[in-house]
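Novice: Below is the file model.cif, with mmCIF, C-alpha atoms.
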```cif
data_structure
loop_
_atom_site.label_atom_id
_atom_site.label_comp_id
_atom_site.auth_asym_id
_atom_site.auth_seq_id
_atom_site.Cartn_x
_atom_site.Cartn_y
_atom_site.Cartn_z
CA MET A 231 5.59 8.05 -13.20
CA SER A 232 8.45 9.80 -11.42
CA GLU A 233 8.74 9.97 -7.65
CA THR A 234 7.78 13.65 -7.64
CA HIS A 235 4.70 12.98 -9.74
CA SER A 236 3.51 10.19 -7.51
CA ALA A 237 4.13 12.32 -4.41
CA ILE A 238 1.94 15.06 -5.95
CA ALA A 239 -0.68 12.54 -7.07
CA ALA A 240 -0.87 11.22 -3.51
CA VAL A 241 -1.56 14.75 -2.24
CA LEU A 242 -4.29 15.33 -4.85
CA VAL A 243 -6.01 12.01 -4.10
CA ALA A 244 -5.90 12.64 -0.35
CA ALA A 245 -7.16 16.22 -0.86
CA ALA A 246 -10.09 15.09 -3.03
CA VAL A 247 -11.16 12.37 -0.58
CA THR A 248 -10.84 14.73 2.39
CA TRP A 249 -12.85 17.54 0.79
CA GLY A 250 -15.50 15.06 -0.37
CA LEU A 251 -15.92 13.79 3.18
CA ARG A 252 -16.18 17.35 4.51
CA ALA A 253 -18.52 18.78 1.85
CA LEU A 254 -20.87 16.04 0.61
CA PRO A 255 -22.61 15.34 3.97
CA PHE A 256 -23.92 18.92 3.97
CA ALA A 257 -25.88 18.15 0.83
CA ALA A 258 -27.28 14.97 2.35
CA LEU A 259 -28.17 16.64 5.64
CA ALA A 260 -29.67 19.83 4.25
CA THR A 261 -33.15 18.39 4.59
CA MET A 262 -32.82 16.79 8.04
CA ARG A 263 -31.12 19.43 10.18
CA THR A 264 -34.00 19.52 12.64
CA VAL A 265 -34.30 15.79 13.21
CA ASP A 266 -33.59 15.10 16.88
CA THR A 267 -31.33 12.12 16.16
CA VAL A 268 -29.02 14.49 14.26
CA ASP A 269 -29.09 16.87 17.20
CA TYR A 270 -28.27 14.04 19.63
CA PHE A 271 -25.28 12.95 17.56
CA SER A 272 -23.91 16.43 17.03
CA THR A 273 -23.63 17.07 20.77
CA ARG A 274 -21.99 13.74 21.66
CA MET A 275 -19.96 12.79 18.62
CA PRO A 276 -17.11 15.38 18.92
CA ALA A 277 -15.94 14.19 22.36
CA GLY A 278 -16.15 10.55 21.32
CA VAL A 279 -14.19 11.19 18.11
CA MET A 280 -11.32 12.92 19.95
CA ILE A 281 -11.04 10.06 22.45
CA ILE A 282 -10.88 7.49 19.64
CA LEU A 283 -8.22 9.52 17.80
CA ALA A 284 -6.14 9.76 20.97
CA VAL A 285 -6.28 5.99 21.48
CA TYR A 286 -5.50 5.48 17.79
CA SER A 287 -2.37 7.64 17.88
CA LEU A 288 -1.15 5.61 20.88
CA SER A 289 -2.03 2.24 19.40
CA ASP A 290 1.39 1.53 17.89
CA LEU A 291 3.12 1.49 21.29
CA PRO A 292 5.42 -1.56 21.54
CA LEU A 293 3.83 -2.22 24.92
CA PRO A 294 5.75 -5.13 26.47
CA GLN A 295 9.12 -3.71 25.32
CA PRO A 296 11.09 -1.16 27.33
CA GLN A 297 11.14 1.26 24.33
CA SER A 298 7.51 2.11 25.05
CA LEU A 299 8.70 3.86 28.22
CA VAL A 300 9.72 6.86 26.08
CA PRO A 301 6.24 7.61 24.62
CA LEU A 302 4.58 6.66 27.92
CA THR A 303 6.76 9.14 29.80
CA ALA A 304 6.00 11.84 27.22
CA LEU A 305 2.30 11.00 27.47
CA ALA A 306 2.39 11.29 31.27
CA VAL A 307 4.08 14.71 30.93
CA THR A 308 1.42 15.84 28.40
CA VAL A 309 -1.49 14.71 30.58
CA GLY A 310 0.12 16.03 33.76
CA LEU A 311 0.81 19.46 32.26
CA HIS A 312 -2.71 19.64 30.86
CA LEU A 313 -4.40 18.72 34.14
CA TRP A 314 -2.14 21.15 35.99
CA ARG A 315 -2.27 24.23 33.74
CA GLY A 316 -5.01 23.47 31.18
CA ASN A 317 -2.99 25.22 28.47
CA ALA A 318 -3.12 23.15 25.25
CA LEU A 319 -0.05 24.76 23.71
CA LEU A 320 2.06 24.21 26.84
CA SER A 321 0.95 20.57 27.13
CA ILE A 322 1.74 19.76 23.47
CA LEU A 323 5.10 21.56 23.51
CA GLY A 324 6.12 20.00 26.84
CA GLY A 325 5.15 16.45 25.90
CA THR A 326 6.75 16.66 22.45
CA THR A 327 9.96 18.16 23.83
CA VAL A 328 10.29 15.34 26.37
CA HIS A 329 9.64 12.80 23.60
CA VAL A 330 12.22 14.32 21.24
CA VAL A 331 14.88 14.60 23.96
CA LEU A 332 14.35 11.03 25.20
CA SER A 333 14.10 9.35 21.80
CA SER A 334 17.13 11.27 20.48
CA THR A 335 19.32 10.40 23.46
CA VAL A 336 18.11 6.99 24.70
CA PRO A 337 19.74 4.38 22.45
CA THR A 338 17.33 1.96 20.80
CA PRO A 339 18.48 -1.65 20.95
CA MET B 374 -6.20 50.63 4.35
CA ARG B 375 -9.54 49.77 5.90
CA ILE B 376 -9.53 46.39 7.58
CA SER B 377 -12.88 44.67 7.91
CA PRO B 378 -13.89 44.33 11.59
CA ASP B 379 -14.70 40.65 11.01
CA LEU B 380 -11.14 40.10 9.81
CA ARG B 381 -9.70 41.72 12.94
CA VAL B 382 -11.84 39.79 15.45
CA ALA B 383 -11.27 36.57 13.50
CA PHE B 384 -7.55 37.05 14.07
CA THR B 385 -8.13 37.11 17.82
CA ASP B 386 -10.63 34.22 17.61
CA SER B 387 -8.21 31.93 15.81
CA ALA B 388 -4.97 32.91 17.55
CA PRO B 389 -5.04 30.21 20.29
CA VAL B 390 -5.67 27.46 17.73
CA GLY B 391 -3.13 29.01 15.40
CA LEU B 392 -0.48 29.01 18.10
CA GLY B 393 -1.21 25.34 18.68
CA PHE B 394 -0.77 24.70 14.95
CA VAL B 395 2.68 26.27 14.80
CA PRO B 396 4.70 23.64 16.73
CA LEU B 397 2.72 20.85 15.05
CA GLY B 398 3.20 22.37 11.59
CA LEU B 399 6.92 22.88 12.23
CA ALA B 400 7.18 19.25 13.37
CA TYR B 401 5.32 18.14 10.24
CA GLY B 402 7.63 20.14 7.96
CA VAL B 403 10.74 18.73 9.64
CA LEU B 404 9.33 15.20 9.37
CA VAL B 405 8.72 15.71 5.62
CA VAL B 406 12.33 16.63 4.86
CA GLN B 407 13.63 13.95 7.25
CA ALA B 408 11.68 11.49 5.05
CA ASP B 409 13.67 12.80 2.04
CA LEU B 410 10.69 14.56 0.44
CA ASP B 411 11.09 18.04 -1.11
CA TRP B 412 10.42 21.04 1.14
CA TRP B 413 7.60 22.36 -1.08
CA TRP B 414 5.74 19.07 -0.68
CA ALA B 415 5.13 20.01 2.96
CA GLY B 416 3.51 23.30 1.95
CA LEU B 417 1.54 21.76 -0.92
CA SER B 418 0.11 18.93 1.20
CA ALA B 419 -0.68 21.32 4.06
CA LEU B 420 -2.50 23.67 1.64
CA LEU B 421 -4.49 21.09 -0.33
CA ILE B 422 -5.23 18.35 2.22
CA TYR B 423 -5.26 20.47 5.39
CA GLY B 424 -5.87 17.49 7.63
CA GLY B 425 -2.95 17.24 10.00
CA SER B 426 -3.40 13.69 11.23
CA PHE B 427 -3.60 12.17 7.77
CA GLU B 428 -0.73 14.32 6.50
CA PHE B 429 1.56 12.77 9.14
CA LEU B 430 0.47 9.31 7.99
CA LEU B 431 0.80 10.25 4.30
CA VAL B 432 4.50 11.04 4.74
CA GLY B 433 5.10 7.40 5.59
CA MET B 434 2.87 6.17 2.77
CA VAL B 435 4.58 8.31 0.12
CA THR B 436 8.09 7.31 1.21
CA ALA B 437 6.98 3.66 1.13
CA ALA B 438 5.55 4.28 -2.40
CA ALA B 439 2.09 3.12 -1.32
CA PRO B 440 -0.37 2.76 -4.23
CA LEU B 441 -2.87 5.61 -4.77
CA ALA B 442 -5.75 3.29 -3.88
CA ALA B 443 -4.16 2.77 -0.45
CA VAL B 444 -3.75 6.55 -0.08
CA ALA B 445 -7.42 7.07 -0.95
CA ALA B 446 -8.53 4.34 1.47
CA GLY B 447 -6.31 5.74 4.22
CA ALA B 448 -7.59 9.30 3.71
CA PHE B 449 -11.16 7.98 3.72
CA MET B 450 -10.70 6.09 6.97
CA VAL B 451 -8.75 8.71 8.88
CA ASN B 452 -10.91 11.62 7.72
CA PHE B 453 -14.26 9.85 7.79
CA ARG B 454 -14.98 11.58 11.10
CA HIS B 455 -15.52 14.83 9.17
CA VAL B 456 -18.78 13.39 7.84
CA PHE B 457 -20.26 14.03 11.27
CA TYR B 458 -19.17 17.66 11.35
CA ALA B 459 -21.90 18.53 8.84
CA LEU B 460 -24.41 17.74 11.60
CA SER B 461 -23.69 20.91 13.51
CA PHE B 462 -21.33 23.21 11.58
CA PRO B 463 -23.25 26.47 10.93
CA LEU B 464 -22.78 26.50 7.14
CA HIS B 465 -26.16 28.21 6.67
CA ARG B 466 -24.68 31.42 8.13
CA ILE B 467 -22.23 31.70 5.24
CA ARG B 468 -23.99 33.34 2.30
CA SER B 469 -21.83 33.13 -0.83
CA GLY B 470 -21.33 29.92 -2.79
CA ALA B 471 -17.56 30.32 -2.86
CA GLY B 472 -17.58 31.01 0.89
CA LYS B 473 -19.57 27.83 1.54
CA ALA B 474 -17.20 25.82 -0.66
CA TYR B 475 -14.14 27.13 1.20
CA ALA B 476 -15.80 26.60 4.60
CA THR B 477 -16.30 22.91 3.82
CA PHE B 478 -12.79 22.60 2.37
CA ALA B 479 -11.14 24.14 5.45
CA LEU B 480 -13.37 22.29 7.93
CA SER B 481 -10.55 20.92 10.09
CA ASP B 482 -11.13 19.44 13.56
CA GLU B 483 -10.10 22.75 15.08
CA ALA B 484 -12.27 24.85 12.73
CA TYR B 485 -15.22 22.65 13.66
CA ALA B 486 -14.45 22.93 17.36
CA LEU B 487 -14.20 26.74 17.13
CA ALA B 488 -17.32 27.27 14.97
CA THR B 489 -19.50 25.04 17.16
CA SER B 490 -18.27 26.40 20.50
CA GLU B 491 -20.61 28.17 22.89
CA ARG B 492 -19.09 31.60 22.32
CA SER B 493 -19.37 31.43 18.51
CA ARG B 494 -23.15 31.12 18.54
CA THR B 495 -23.62 34.75 17.48
CA TRP B 496 -20.78 34.97 14.97
CA PRO B 497 -21.76 35.99 11.44
CA GLY B 498 -20.62 33.81 8.53
CA ARG B 499 -17.80 36.16 7.55
CA ARG B 500 -16.24 35.95 11.01
CA ILE B 501 -16.29 32.12 10.83
CA LEU B 502 -14.81 32.17 7.31
CA TRP B 503 -12.01 34.56 8.26
CA SER B 504 -11.05 32.49 11.28
CA GLN B 505 -10.93 29.37 9.07
CA LEU B 506 -8.66 31.19 6.64
CA HIS B 507 -6.36 32.28 9.47
CA MET B 508 -6.06 28.73 10.83
CA HIS B 509 -5.39 27.36 7.33
CA ALA B 510 -2.64 29.98 6.85
CA TYR B 511 -1.04 29.15 10.22
CA TRP B 512 -0.90 25.49 9.20
CA VAL B 513 0.51 26.03 5.68
CA GLY B 514 2.97 28.64 6.89
CA SER B 515 4.37 26.61 9.77
CA ALA B 516 4.57 23.39 7.70
CA THR B 517 6.54 25.21 5.00
CA ALA B 518 8.77 26.92 7.55
CA GLY B 519 9.40 23.59 9.28
CA ALA B 520 10.41 21.98 5.99
CA LEU B 521 12.76 24.89 5.18
CA VAL B 522 14.56 24.74 8.53
CA GLY B 523 14.26 20.95 8.64
CA GLY B 524 17.32 20.60 6.44
CA PHE B 525 19.39 22.07 9.25
CA VAL B 526 17.96 19.79 11.94
CA PRO B 527 20.35 16.88 12.48
CA ASP B 528 18.96 13.42 11.72
CA SER B 529 19.72 12.42 15.29
CA VAL B 530 16.77 14.54 16.42
CA GLN B 531 13.96 11.97 16.50
CA GLY B 532 10.44 11.68 17.81
CA LEU B 533 8.77 14.90 16.58
CA ASP B 534 5.79 12.83 15.44
CA PHE B 535 4.70 12.70 19.09
CA ALA B 536 3.22 16.19 18.54
CA LEU B 537 0.21 14.50 16.96
CA THR B 538 -0.32 12.14 19.90
CA ALA B 539 -0.01 15.11 22.26
CA LEU B 540 -2.58 17.10 20.24
CA PHE B 541 -5.17 14.32 20.28
CA THR B 542 -4.53 13.64 23.97
CA VAL B 543 -5.11 17.30 24.82
CA LEU B 544 -8.26 17.50 22.66
CA ALA B 545 -9.58 14.31 24.27
CA LEU B 546 -8.91 15.66 27.78
CA ASP B 547 -10.76 18.87 26.91
CA ALA B 548 -13.63 16.88 25.45
CA LEU B 549 -13.77 14.79 28.64
CA LYS B 550 -14.02 17.95 30.71
CA ASP B 551 -16.93 19.18 28.55
CA THR B 552 -18.89 15.94 28.90
CA ARG B 553 -18.51 15.46 32.64
CA SER B 554 -22.30 15.43 32.97
CA ASP B 555 -22.56 12.77 30.28
CA MET B 556 -20.09 10.07 31.32
CA PRO B 557 -21.48 7.26 29.12
CA THR B 558 -20.19 8.95 25.93
CA PRO B 559 -16.45 8.89 26.88
CA VAL B 560 -16.85 5.36 28.24
CA LEU B 561 -18.57 4.30 25.01
CA ALA B 562 -15.83 5.99 22.94
CA ALA B 563 -13.00 4.33 24.88
CA GLY B 564 -14.76 0.98 24.61
CA SER B 565 -15.26 1.47 20.85
CA ALA B 566 -11.57 2.34 20.43
CA LEU B 567 -10.41 -0.76 22.33
CA ALA B 568 -12.88 -3.02 20.52
CA GLY B 569 -11.68 -1.60 17.19
CA LEU B 570 -8.05 -2.22 18.18
CA LEU B 571 -8.65 -5.80 19.28
CA LEU B 572 -11.13 -6.92 16.59
CA PHE B 573 -9.95 -4.96 13.52
CA PRO B 574 -6.34 -3.87 14.16
CA ASP B 575 -5.84 -2.90 10.48
CA GLN B 576 -9.08 -0.89 10.24
CA MET B 577 -9.15 0.39 13.79
CA LEU B 578 -10.42 3.93 13.07
CA VAL B 579 -13.34 2.96 10.86
CA ALA B 580 -14.37 0.14 13.19
CA ALA B 581 -14.14 2.35 16.28
CA PHE B 582 -16.18 5.18 14.70
CA ALA B 583 -18.79 2.66 13.54
CA PHE B 584 -19.03 1.15 17.05
CA LEU B 585 -19.36 4.62 18.56
CA ALA B 586 -22.09 5.66 16.09
CA ALA B 587 -23.97 2.40 16.63
CA GLY B 588 -23.65 2.71 20.41
CA LEU B 589 -24.92 6.30 20.42
CA LEU B 590 -27.84 5.31 18.18
CA VAL B 591 -28.84 2.47 20.51
CA ARG B 592 -28.61 4.78 23.54
CA HIS B 593 -30.66 7.43 21.79
CA LEU B 594 -33.38 4.99 20.74
CA ALA B 595 -33.46 3.46 24.23
CA SER B 596 -33.82 6.87 25.90
CA ARG B 597 -36.66 7.82 23.54
CA ARG B 598 -38.61 4.79 24.68
CA ARG B 599 -38.42 6.11 28.24
CA PRO B 600 -39.50 9.73 27.78
CA SER B 601 -39.61 10.35 31.55
CA HIS B 602 -35.80 10.18 31.66
CA VAL B 603 -35.13 12.68 28.88
#
```
Could you write out this structure as structure tokens?
Specialist:
Amino acid sequence: MSETHSAIAAVLVAAAVTWGLRALPFAALATMRTVDTVDYFSTRMPAGVMIILAVYSLSDLPLPQPQSLVPLTALAVTVGLHLWRGNALLSILGGTTVHVVLSSTVPTP
Amino acid sequence: MRISPDLRVAFTDSAPVGLGFVPLGLAYGVLVVQADLDWWWAGLSALLIYGGSFEFLLVGMVTAAAPLAAVAAGAFMVNFRHVFYALSFPLHRIRSGAGKAYATFALSDEAYALATSERSRTWPGRRILWSQLHMHAYWVGSATAGALVGGFVPDSVQGLDFALTALFTVLALDALKDTRSDMPTPVLAAGSALAGLLLFPDQMLVAAFAFLAAGLLVRHLASRRRPSHV
């Protein structure tokens, strides 16, 4: 299998798994939409999921090393901008710009 | 040409999310060509997978020639959270079979957030579908554009992948604001994330989601035993 073929195969596999996860639960839940446990989960799960994803995307920080100062600075800018202005686009652009500038200019040992 | 009113309002509904997708999609496209993958691969993966967080991870897996089983396992773990979206996404408002199929296919985090928000409670199915289509198009378009211009971005420009961290951080902050009256949920989520990191560093996402689900279930059952507190 050539590199191109395996790159396409990887997309198809990921697409099939992703769609399956999005679509199949609807079939399973069709009969229990009114159950109060389902209702309880649906109001609390989204916030919890986002918090876990945020921790996950930060989990590869090389914490004791000085290199982690770059992502930590960018993170502080993102959080600061978001608490200050509450504009998602501004916070993402600002944090990412700081990260790109710092990691492109600060030499990594 | 007559433009359906649902199409026009859906454009306005999805514009804020769409604008958030553009820098992320551009970053994704640039990352794809920086990883020596073809530019069209960015568009193809954005169109067919349409799950930003896993797409960023997949770039690394494909360049490392990871086996397809690892890709499937990775997609399953990272996207398992979508299982819970069926609990409250208003699929019953969408009438046609093809519409329902597309709505589940394009059920991204942001589509879920928009379709379950307070202001969307009265939206008909067509308005939800159109806004999903708009968001999907923003993502595919910006990923492709990013890959096309990515060839001109010097390799010395590093660190675009932080866009994903920034996105999740912003979504988590917004979620925290929404649950201010229900502090145990964020605390439980943060605890689940840390426990997942410490106990199962290789399977952190699955472990953390399982801890969160188990914790919520225990809380729910406990509160049902004390009906006076509900």
Novice: What separation in Å, quoted to one decimal, exists between atom CA of Met434 of chain B and atom CA of Ala583 of chain B?
Specialist: 24.4 Å
Novice: For Val522 of chain B, work out the shell of residues within 9 Å, counting all atoms listed in the file and skipping chain neighbours fewer than 3 positions away, then give it as a list of chain:residue names.
Specialist: B:Leu399, B:Gly402, B:Val403, B:Thr517, B:Ala518, B:Gly519, B:Phe525, B:Val526
Novice: Any chance you could resolve the PyMOL selection byres ((chain A) within 6 of (chain B)) against this file and give the residues as a compact mmCIF listing (two decimals) with C-alpha atoms, in the coordinates of the input?
Specialist:
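Result went into out_22.txt, see below:
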```
# COMPACT_ATOMS: atom_id res chain seq x y z
CA VAL A 241 -1.56 14.75 -2.24
CA ALA A 244 -5.90 12.64 -0.35
CA ALA A 245 -7.16 16.22 -0.86
CA TRP A 249 -12.85 17.54 0.79
CA LEU A 251 -15.92 13.79 3.18
CA ARG A 252 -16.18 17.35 4.51
CA ALA A 253 -18.52 18.78 1.85
CA PRO A 255 -22.61 15.34 3.97
CA PHE A 256 -23.92 18.92 3.97
CA SER A 272 -23.91 16.43 17.03
CA ALA A 277 -15.94 14.19 22.36
CA GLY A 278 -16.15 10.55 21.32
CA MET A 280 -11.32 12.92 19.95
CA ILE A 281 -11.04 10.06 22.45
CA ILE A 282 -10.88 7.49 19.64
CA ALA A 284 -6.14 9.76 20.97
CA SER A 287 -2.37 7.64 17.88
CA LEU A 319 -0.05 24.76 23.71
CA ILE A 322 1.74 19.76 23.47
CA THR A 326 6.75 16.66 22.45
CA HIS A 329 9.64 12.80 23.60
CA VAL A 330 12.22 14.32 21.24
CA SER A 333 14.10 9.35 21.80
CA SER A 334 17.13 11.27 20.48
```
Novice: Determine the residue membership of the PyMOL selection byres ((chain A and resi 306) around 12) for the file above and supply it as a PyMOL selection string.
Specialist: (chain A and resi 299-305+307-314+321-322+324-326+328-329) or (chain B and resi 538-539+542-543)
Novice: For the residues selected in the previous step, produce a file with C-alpha atoms as a PDB file, in the frame of the given file.
Specialist:
```pdb
ATOM      1  CA  LEU A 299       8.700   3.860  28.220  1.00  0.00           C
ATOM      2  CA  VAL A 300       9.720   6.860  26.080  1.00  0.00           C
ATOM      3  CA  PRO A 301       6.240   7.610  24.620  1.00  0.00           C
ATOM      4  CA  LEU A 302       4.580   6.660  27.920  1.00  0.00           C
ATOM      5  CA  THR A 303       6.760   9.140  29.800  1.00  0.00           C
ATOM      6  CA  ALA A 304       6.000  11.840  27.220  1.00  0.00           C
ATOM      7  CA  LEU A 305       2.300  11.000  27.470  1.00  0.00           C
ATOM      8  CA  VAL A 307       4.080  14.710  30.930  1.00  0.00           C
ATOM      9  CA  THR A 308       1.420  15.840  28.400  1.00  0.00           C
ATOM     10  CA  VAL A 309      -1.490  14.710  30.580  1.00  0.00           C
ATOM     11  CA  GLY A 310       0.120  16.030  33.760  1.00  0.00           C
ATOM     12  CA  LEU A 311       0.810  19.460  32.260  1.00  0.00           C
ATOM     13  CA  HIS A 312      -2.710  19.640  30.860  1.00  0.00           C
ATOM     14  CA  LEU A 313      -4.400  18.720  34.140  1.00  0.00           C
ATOM     15  CA  TRP A 314      -2.140  21.150  35.990  1.00  0.00           C
ATOM     16  CA  SER A 321       0.950  20.570  27.130  1.00  0.00           C
ATOM     17  CA  ILE A 322       1.740  19.760  23.470  1.00  0.00           C
ATOM     18  CA  GLY A 324       6.120  20.000  26.840  1.00  0.00           C
ATOM     19  CA  GLY A 325       5.150  16.450  25.900  1.00  0.00           C
ATOM     20  CA  THR A 326       6.750  16.660  22.450  1.00  0.00           C
ATOM     21  CA  VAL A 328      10.290  15.340  26.370  1.00  0.00           C
ATOM     22  CA  HIS A 329       9.640  12.800  23.600  1.00  0.00           C
TER      23      HIS A 329
ATOM     24  CA  THR B 538      -0.320  12.140  19.900  1.00  0.00           C
ATOM     25  CA  ALA B 539      -0.010  15.110  22.260  1.00  0.00           C
ATOM     26  CA  THR B 542      -4.530  13.640  23.970  1.00  0.00           C
ATOM     27  CA  VAL B 543      -5.110  17.300  24.820  1.00  0.00           C
TER      28      VAL B 543
END
```
Novice: Quick one: residues within 9 Å of Asp386 of chain B, all atoms listed in the file, excluding same-chain residues fewer than 6 positions away - as a list in words?
Specialist: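 After dropping sequence-adjacent residues, the list is Leu487, Arg500 and Ser504 of chain B.
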Novice: May I ask for the distance between atom CA of Glu483 of chain B and atom CA of Gly514 of chain B, given in Å to one decimal place?
Specialist: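 Computing it gives 16.5 Å between the two atoms.
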Novice: If I take atom CA of Gly524 of chain B and atom CA of Leu320 of chain A, how far is one from the other in Å, to one decimal?
Specialist: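 Interatomic distance here is 25.7 Å.
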Novice: Which of these, B:Ala587, B:Leu430, B:Val579, B:Ala516, has the shortest distance to Trp412 of chain B once you count all atoms listed in the file?
Specialist: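 Nearest candidate to Trp412 of chain B out of B:Ala587, B:Leu430, B:Val579, B:Ala516: B:Ala516.
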Novice: Set up a box along x, y and z of the file covering all listed atoms of segment 388-396 of chain B, add 5 Å on every one of the six sides, and write the centre and edge lengths in Å to one decimal, as lines of an AutoDock Vina configuration file.
Specialist:
```
center_x = -0.5
center_y = 28.3
center_z = 17.5
size_x = 20.4
size_y = 19.3
size_z = 15.5
```
Novice: My list of candidates is B:Leu502, B:Ala510, B:Ala437, B:Ala383. Which is closest to Ala240 of chain A when distances are computed with all atoms listed in the file?
Specialist: B:Ala437
Novice: Apply the PyMOL selection byres ((chain B and resi 498) around 6) to the displayed file and report the matching residues as a list in words.
Specialist: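 Selection result, ordered by chain and number: Arg466, Ile467, Pro497, Arg499, Arg500 and Ile501 of chain B.
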